[in-house]
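I have placed the structure first, in the form of structure tokens, so that the comments after it can refer back to it.
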Amino acid sequence: MRVPLSWLGEYVDLAPGTTPEDVHAALVSVGLEEEDIHRIAVSGPIVVGEVLEFVGEEQTNGKTINWCQVRVAPDGELAADGGPAVHGIICGAHNFAVGDKVVVTLPGASLPGPFPIAARKTYGHVSDGMIASARELGLGDEHDGILLLKNLGIDAPVGTDAIPLLGLDDSAVEINVTPDRGYAFSIRGVAREYSHATGVAFRDPALALTVVAPVTRFPVTIDDQAPIRDRIGSTVFVTRVVRGVDPTRPTPAWMIARLGLVGIRSISLVVDVTNYVMFELGQPLHGYDLDKLAGGIIVRRATAGEKFTTLDAVSRTLNVEDLLITDESGPIGLAGVMGGASTEITSTTVNVLVEAANFDPVSIARSARRHKLPSEASKRFERGVDPRVAAVAAARVVQLLVDLAGGVADDLGSVYDVAPAPEPILLPTGFVSGLIGLAYTGDEVRDALVQIGTSLVEADGDLQVTPPSWRPDLTDQWTLAEEVARIVGYDRIPSVLPVAPPGRGLTRTQTLRRTVAQTLAATGHTEVLTYPFVSEAANNLFGVAVAPAAASVVTVPAGEADADAGVTDAGAASALAGSVSVPVSVPQMKVANPLDGEAPFLRTTMLPGLLQIAHRNRSRGLVDLAIYEQGLVFRPEPGVTYGTPVLPAGGERPSAEVEAVLYAGIVPQPLLVGFVLVGNDVRHQPNQPAVAAGWQSALAAVQQVALATGVRIEVRQGLHPAMHPGRTAELFVTEPGAATAAASTVSVGFAGELLPTVADDYDLPAVVAVAEINLGLVFGQSDGDLTVTPIGTMPAATQDLSLVVAASVPAAALRAAVVEGAGGLLESIVLVDDYRGAGVEPGHKSLTFALRFRGEDRTLTAAEASAARLAGVALAADRFGATLRE
């Protein structure tokens, strides 16, 4: 909302020298946020001039210009620019005559643009200034001729400063009006707020008018057969008639200047008057050409498929919720939004019907958005218009049309008013102080409420507060308390930062989520964000459970782990090639109004979105990717119907039973982290060949999650319809403190490589490493503490161990047996070689481990290290028939 200072000053006393910045500061103190300051970009000298004579001179291009002699100062005086009283000026317009008074911009002046004025030679003469048009002065769009002061009803002496004469010295402050304070969309409302902020007297323009009831009734019918939310479309509808309007009369310069400052261009006097009163009082108005109306007015809802042509010449198909102004010919206005072309005010209009109404905010808001027709009127109706100001606004329009357009007020009109009176609100004693946290006296509370226009009645020590008609936002004791705090002053409320109680801060889950994200980012993974909407096929492919494939088990500890210990390769792959299951249908949630018709389901897995991002990045030349995302997925239980049959009342806290029903209606949404790794893990460098990403990369990412959460994650070989057989691991968690991997029972995800056919569907390379972990289950097994292994100070004993086993035995299972058999002296075991060739029987393989033994309190002897090594060999031989390779 823009507020010209000259207009504001009509209703409150502005101290001499008050600047726009001062007004902004005052309004900010009562909660109206400042936006901008607007000024008419002109500077003098700009004066009233009189055309003494002119000579038409035809140019070679066929154009005729006028060489004018213009008096710009009284005889015997210098002009405002220091030059002679008569200036020679070139003018291309022809709409003036000798003796006309015009606006002359002298050398040194500046017009909007900016357009500086200087004496310059043109058409064979030195033009010492310029005779201005309305558009050049910023007073309208008229540019066909110069501005004649007689057309504005102005007769000022030659040499008079034209800037204040035309209202060009004004400025406006712009404020942001929140949706609950629609009354501030008027000079009346802002002036009242300025009065609250400064204490100066407020002169209500609505009380300065005498409203005369019409004698003869103009027929108006409110026929709202389909009230929206039990609210009728119109509660107030006032009409007045003005006859004999002179359509040739111009809009006064002061009105044009003010409308320009508030952001409205001048159209015609009648239309300008209705716009002017709308900004003045906050009541949108509409003028109809009375002679074009067919019978009386009917306010009704549109019928299905009904069409209406608005003032912008667009034919619109209406909705049954649209509220219409109609006559016997059909629709003549889209209520509160825009009028119709059939009854618009034109240059031939002499009899005007003025309408001032109050419409349902919901209906107007929906119509404006439905038809993409935001307007100054709809902006006010959406936020609530004072129902008691309609008759006053209509009377103000009549007054201005009589004074400025020469019209005659007619006794024809109508007043329909069924607006309910505001309901009183009980404000208990001490409530305001208790809510705001500041001690307010009873007088302060009463004075503040009276200032904003409420009426008060004492009731057993409490107050019965009746809000004013222009404040529909005051609905309860809480909003009244906020008004007291605002009027008394926000500066009274101390700024105190609350002290967090001991032990508060991030929750355990939040801490773990951040730790996981920081760890993954620190190890070269890039976090991405995907849409949670996928196709049904993608959910079915990736959202099924992993099936066990073998008895292989290996633990990925929270500290040290070996990615190569996770899954077997070619041997198991051939054995499992015929066992991969086909995709099955999983329970899914479908979005009622999806953004993409091909992806209408909520995701049950993170992988489809990550694979799409990998595809998009590779198509842009980024071929080496390690991306991850933490997010929620939606996994409904089979056969369970979700949703809430009845929502609780908005103003009441639901009971424990109702809360249980509400939570039961929510789809389970576990927190997952997903990974996609494609291209190279290590790029080619001098003396360093590239290392391609594979299933080892996926297990390395799993290792980072284990490290970040302090949870041991077990890796077992598994099967998945989207994953490569033999290169798929199922992941399990072990509770903190569990002695062995066998204690783990909860499956938390999978890792490995995609089937090449699935990768090809996403236009990705044949080898794509992926992993997905249910962080909710992992966090449930984490105590939040990381296990730290002290660095040993005793010397270490290292030995190698090569065991020959059947090719079907997973390396992870063999490694686990060696670890268990060797006992506590074994500090580290790493798989360093997998050999299948000469010297090893067909169907067998040789697995070599690097072992490191260390004692906590002594230097181990070679015999002690060898004994521990042989104990591990013995257990491996017992479980898998392993033999030492010589």
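Going through the structure tokens in order, the chains are called A, B, and so on, while each chain numbers its residues from 1 and the ligands are numbered from 1 in the order shown.
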Determine, counting only C-alpha atoms, which protein, DNA and RNA residues have an atom within 12 Å of an atom of Thr248 in chain A; residues of the same chain fewer than 3 positions away are not included. Present the result as number ranges by chain. A: 151-152, 244-245, 251, 268-270, 346-350, 404-406
Selected residues written out with N, CA, C and O atoms, as a PDB file, in the first residue's frame:
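Result saved to selection_34.pdb:
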ATOM      1  N   ASN A 151      -7.996  23.183 -18.876  1.00  0.00           N
ATOM      2  CA  ASN A 151      -8.681  21.888 -18.856  1.00  0.00           C
ATOM      3  C   ASN A 151      -8.659  21.251 -17.475  1.00  0.00           C
ATOM      4  O   ASN A 151      -9.408  20.314 -17.202  1.00  0.00           O
ATOM      5  N   LEU A 152      -7.764  21.746 -16.615  1.00  0.00           N
ATOM      6  CA  LEU A 152      -7.699  21.250 -15.247  1.00  0.00           C
ATOM      7  C   LEU A 152      -8.408  22.183 -14.282  1.00  0.00           C
ATOM      8  O   LEU A 152      -8.391  21.962 -13.068  1.00  0.00           O
ATOM      9  N   GLY A 244     -26.464  13.625 -15.084  1.00  0.00           N
ATOM     10  CA  GLY A 244     -25.945  14.838 -15.701  1.00  0.00           C
ATOM     11  C   GLY A 244     -24.446  15.030 -15.539  1.00  0.00           C
ATOM     12  O   GLY A 244     -23.963  16.177 -15.533  1.00  0.00           O
ATOM     13  N   VAL A 245     -23.701  13.959 -15.440  1.00  0.00           N
ATOM     14  CA  VAL A 245     -22.243  14.065 -15.344  1.00  0.00           C
ATOM     15  C   VAL A 245     -21.691  14.579 -16.672  1.00  0.00           C
ATOM     16  O   VAL A 245     -22.115  14.146 -17.753  1.00  0.00           O
ATOM     17  N   THR A 251      -9.907  15.039 -15.006  1.00  0.00           N
ATOM     18  CA  THR A 251      -9.581  14.736 -13.615  1.00  0.00           C
ATOM     19  C   THR A 251      -8.637  15.813 -13.094  1.00  0.00           C
ATOM     20  O   THR A 251      -7.666  16.163 -13.761  1.00  0.00           O
ATOM     21  N   SER A 268     -10.447   8.167 -16.545  1.00  0.00           N
ATOM     22  CA  SER A 268     -11.456   9.195 -16.805  1.00  0.00           C
ATOM     23  C   SER A 268     -11.925   9.685 -15.449  1.00  0.00           C
ATOM     24  O   SER A 268     -11.670   9.051 -14.416  1.00  0.00           O
ATOM     25  N   LEU A 269     -12.605  10.809 -15.421  1.00  0.00           N
ATOM     26  CA  LEU A 269     -12.976  11.404 -14.146  1.00  0.00           C
ATOM     27  C   LEU A 269     -13.828  10.463 -13.307  1.00  0.00           C
ATOM     28  O   LEU A 269     -13.584  10.283 -12.106  1.00  0.00           O
ATOM     29  N   VAL A 270     -14.854   9.842 -13.892  1.00  0.00           N
ATOM     30  CA  VAL A 270     -15.744   8.980 -13.110  1.00  0.00           C
ATOM     31  C   VAL A 270     -14.981   7.782 -12.541  1.00  0.00           C
ATOM     32  O   VAL A 270     -15.092   7.456 -11.351  1.00  0.00           O
ATOM     33  N   THR A 346     -17.955   5.177 -20.266  1.00  0.00           N
ATOM     34  CA  THR A 346     -17.262   5.629 -21.470  1.00  0.00           C
ATOM     35  C   THR A 346     -17.318   7.146 -21.561  1.00  0.00           C
ATOM     36  O   THR A 346     -17.829   7.824 -20.666  1.00  0.00           O
ATOM     37  N   SER A 347     -16.803   7.665 -22.664  1.00  0.00           N
ATOM     38  CA  SER A 347     -16.783   9.120 -22.863  1.00  0.00           C
ATOM     39  C   SER A 347     -18.165   9.689 -23.132  1.00  0.00           C
ATOM     40  O   SER A 347     -18.335  10.908 -23.199  1.00  0.00           O
ATOM     41  N   THR A 348     -19.165   8.826 -23.276  1.00  0.00           N
ATOM     42  CA  THR A 348     -20.531   9.312 -23.515  1.00  0.00           C
ATOM     43  C   THR A 348     -21.428   9.137 -22.289  1.00  0.00           C
ATOM     44  O   THR A 348     -22.608   9.474 -22.341  1.00  0.00           O
ATOM     45  N   THR A 349     -20.883   8.614 -21.209  1.00  0.00           N
ATOM     46  CA  THR A 349     -21.680   8.358 -20.008  1.00  0.00           C
ATOM     47  C   THR A 349     -22.052   9.674 -19.319  1.00  0.00           C
ATOM     48  O   THR A 349     -21.187  10.507 -19.040  1.00  0.00           O
ATOM     49  N   VAL A 350     -23.350   9.849 -19.054  1.00  0.00           N
ATOM     50  CA  VAL A 350     -23.822  11.047 -18.353  1.00  0.00           C
ATOM     51  C   VAL A 350     -24.563  10.699 -17.068  1.00  0.00           C
ATOM     52  O   VAL A 350     -24.674  11.534 -16.174  1.00  0.00           O
ATOM     53  N   LEU A 404     -16.909  17.775  -8.957  1.00  0.00           N
ATOM     54  CA  LEU A 404     -15.891  17.788 -10.008  1.00  0.00           C
ATOM     55  C   LEU A 404     -16.448  17.549 -11.401  1.00  0.00           C
ATOM     56  O   LEU A 404     -15.858  18.016 -12.383  1.00  0.00           O
ATOM     57  N   ALA A 405     -17.554  16.812 -11.514  1.00  0.00           N
ATOM     58  CA  ALA A 405     -18.080  16.459 -12.832  1.00  0.00           C
ATOM     59  C   ALA A 405     -19.382  17.173 -13.153  1.00  0.00           C
ATOM     60  O   ALA A 405     -19.967  16.931 -14.217  1.00  0.00           O
ATOM     61  N   GLY A 406     -19.851  18.023 -12.253  1.00  0.00           N
ATOM     62  CA  GLY A 406     -21.071  18.768 -12.537  1.00  0.00           C
ATOM     63  C   GLY A 406     -22.324  17.940 -12.488  1.00  0.00           C
ATOM     64  O   GLY A 406     -23.367  18.355 -13.025  1.00  0.00           O
TER      65      GLY A 406
END
I'd like the neighbourhood of Ser127 in chain A as number ranges by chain, where a residue qualifies if any of its atoms comes within 8 Å (using only C-alpha atoms), though same-chain residues fewer than 6 positions away should be ignored. A: 88-90, 119-121
Find the residues around range 668-676 of chain A up to 7 Å (only C-alpha atoms counted), leave out those fewer than 2 positions away in its own chain, and share them as a ChimeraX atom specification. /A:606-607,610-611,626-636,666,678,769-776
Mind the document's chain letters and residue numbers, and return as a count of residues only the residues of range 325-528 of chain A that DSSP labels strand (DSSP E). 43
Please run DSSP on the backbone and report, as a list in words, all residues within range 390-426 of chain A that come out as helix (DSSP H, G or I).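 Residues meeting the helix (DSSP H, G or I) criterion: Ala390, Ala391, Val392, Ala393, Ala394, Ala395, Arg396, Val397, Val398, Gln399, Leu400, Leu401, Val402, Asp403, Leu404 and Ala405 of chain A.
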Might you pull out every residue within 10 Å of Thr274 in chain A, with only C-alpha atoms counted and same-chain residues fewer than 6 positions away left off, and present them as a ChimeraX atom specification? /A:280,283-287,354-356,393-394,396-398,400-401
Writing out the chosen residues with all heavy atoms as a short mmCIF file (atom, residue, chain, number, x, y, z; two decimals), in the first residue's frame:
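What landed in result.cif:
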data_model
loop_
_atom_site.label_atom_id
_atom_site.label_comp_id
_atom_site.auth_asym_id
_atom_site.auth_seq_id
_atom_site.Cartn_x
_atom_site.Cartn_y
_atom_site.Cartn_z
N GLU A 280 -9.00 5.94 -0.46
CA GLU A 280 -9.23 6.82 0.68
C GLU A 280 -9.90 6.07 1.84
O GLU A 280 -9.46 6.17 2.99
CB GLU A 280 -10.10 7.98 0.25
CG GLU A 280 -10.35 9.02 1.33
CD GLU A 280 -11.16 10.18 0.79
OE1 GLU A 280 -12.29 9.96 0.33
OE2 GLU A 280 -10.63 11.31 0.82
N GLN A 283 -12.93 1.00 0.62
CA GLN A 283 -14.12 0.34 0.08
C GLN A 283 -14.04 0.31 -1.45
O GLN A 283 -14.12 1.34 -2.09
CB GLN A 283 -15.38 1.09 0.50
CG GLN A 283 -16.65 0.64 -0.19
CD GLN A 283 -17.06 -0.78 0.16
OE1 GLN A 283 -17.27 -1.10 1.30
NE2 GLN A 283 -17.19 -1.63 -0.86
N PRO A 284 -13.86 -0.86 -2.06
CA PRO A 284 -13.92 -0.92 -3.51
C PRO A 284 -15.29 -0.49 -4.02
O PRO A 284 -16.32 -0.80 -3.42
CB PRO A 284 -13.65 -2.40 -3.83
CG PRO A 284 -12.93 -2.91 -2.61
CD PRO A 284 -13.52 -2.16 -1.46
N LEU A 285 -15.31 0.25 -5.14
CA LEU A 285 -16.56 0.73 -5.73
C LEU A 285 -16.55 0.45 -7.21
O LEU A 285 -15.50 0.23 -7.82
CB LEU A 285 -16.73 2.23 -5.49
CG LEU A 285 -16.78 2.67 -4.02
CD1 LEU A 285 -15.52 3.46 -3.69
CD2 LEU A 285 -18.02 3.49 -3.72
N HIS A 286 -17.73 0.50 -7.78
CA HIS A 286 -17.84 0.31 -9.23
C HIS A 286 -18.91 1.24 -9.78
O HIS A 286 -19.96 1.44 -9.14
CB HIS A 286 -18.18 -1.14 -9.58
CG HIS A 286 -18.08 -1.43 -11.05
ND1 HIS A 286 -16.87 -1.50 -11.70
CD2 HIS A 286 -19.03 -1.65 -12.00
CE1 HIS A 286 -17.07 -1.77 -12.99
NE2 HIS A 286 -18.38 -1.86 -13.19
N GLY A 287 -18.61 1.83 -10.91
CA GLY A 287 -19.58 2.70 -11.56
C GLY A 287 -20.12 2.05 -12.82
O GLY A 287 -19.37 1.52 -13.64
N VAL A 354 -23.66 4.16 -8.91
CA VAL A 354 -22.51 3.85 -8.07
C VAL A 354 -22.85 2.66 -7.19
O VAL A 354 -23.90 2.65 -6.52
CB VAL A 354 -22.14 5.07 -7.20
CG1 VAL A 354 -20.95 4.74 -6.29
CG2 VAL A 354 -21.84 6.28 -8.07
N GLU A 355 -21.97 1.66 -7.17
CA GLU A 355 -22.17 0.47 -6.34
C GLU A 355 -21.07 0.39 -5.30
O GLU A 355 -19.89 0.52 -5.60
CB GLU A 355 -22.13 -0.79 -7.21
CG GLU A 355 -22.02 -2.10 -6.42
CD GLU A 355 -21.11 -3.12 -7.09
OE1 GLU A 355 -21.37 -3.44 -8.26
OE2 GLU A 355 -20.15 -3.58 -6.44
N ALA A 356 -21.49 0.16 -4.05
CA ALA A 356 -20.55 -0.12 -2.95
C ALA A 356 -21.10 -1.31 -2.19
O ALA A 356 -22.21 -1.24 -1.65
CB ALA A 356 -20.42 1.09 -2.02
N ALA A 393 -18.83 5.41 1.54
CA ALA A 393 -18.04 5.48 0.32
C ALA A 393 -18.90 5.87 -0.88
O ALA A 393 -18.48 6.66 -1.73
CB ALA A 393 -17.36 4.13 0.07
N ALA A 394 -20.11 5.32 -0.97
CA ALA A 394 -21.00 5.69 -2.06
C ALA A 394 -21.34 7.17 -1.99
O ALA A 394 -21.38 7.87 -3.02
CB ALA A 394 -22.26 4.83 -2.01
N ARG A 396 -19.49 9.50 -0.70
CA ARG A 396 -18.28 10.26 -1.06
C ARG A 396 -18.12 10.32 -2.57
O ARG A 396 -17.75 11.37 -3.12
CB ARG A 396 -17.07 9.57 -0.42
CG ARG A 396 -15.72 10.16 -0.78
CD ARG A 396 -15.54 11.56 -0.29
NE ARG A 396 -14.13 11.95 -0.36
CZ ARG A 396 -13.71 13.20 -0.51
NH1 ARG A 396 -14.59 14.20 -0.61
NH2 ARG A 396 -12.42 13.47 -0.54
N VAL A 397 -18.39 9.24 -3.28
CA VAL A 397 -18.31 9.26 -4.74
C VAL A 397 -19.33 10.24 -5.31
O VAL A 397 -19.03 11.03 -6.21
CB VAL A 397 -18.53 7.84 -5.31
CG1 VAL A 397 -18.66 7.89 -6.83
CG2 VAL A 397 -17.40 6.91 -4.91
N VAL A 398 -20.56 10.20 -4.77
CA VAL A 398 -21.60 11.14 -5.23
C VAL A 398 -21.12 12.57 -5.02
O VAL A 398 -21.25 13.43 -5.90
CB VAL A 398 -22.91 10.87 -4.49
CG1 VAL A 398 -23.93 11.97 -4.79
CG2 VAL A 398 -23.48 9.50 -4.88
N LEU A 400 -18.06 13.80 -4.88
CA LEU A 400 -17.00 14.18 -5.80
C LEU A 400 -17.52 14.33 -7.23
O LEU A 400 -17.07 15.22 -7.97
CB LEU A 400 -15.87 13.15 -5.74
CG LEU A 400 -15.05 13.14 -4.45
CD1 LEU A 400 -14.06 11.98 -4.46
CD2 LEU A 400 -14.30 14.46 -4.28
N LEU A 401 -18.46 13.48 -7.65
CA LEU A 401 -19.01 13.61 -8.99
C LEU A 401 -19.84 14.89 -9.14
O LEU A 401 -19.89 15.50 -10.21
CB LEU A 401 -19.85 12.38 -9.34
CG LEU A 401 -19.09 11.07 -9.54
CD1 LEU A 401 -20.05 9.94 -9.88
CD2 LEU A 401 -18.04 11.21 -10.64
#
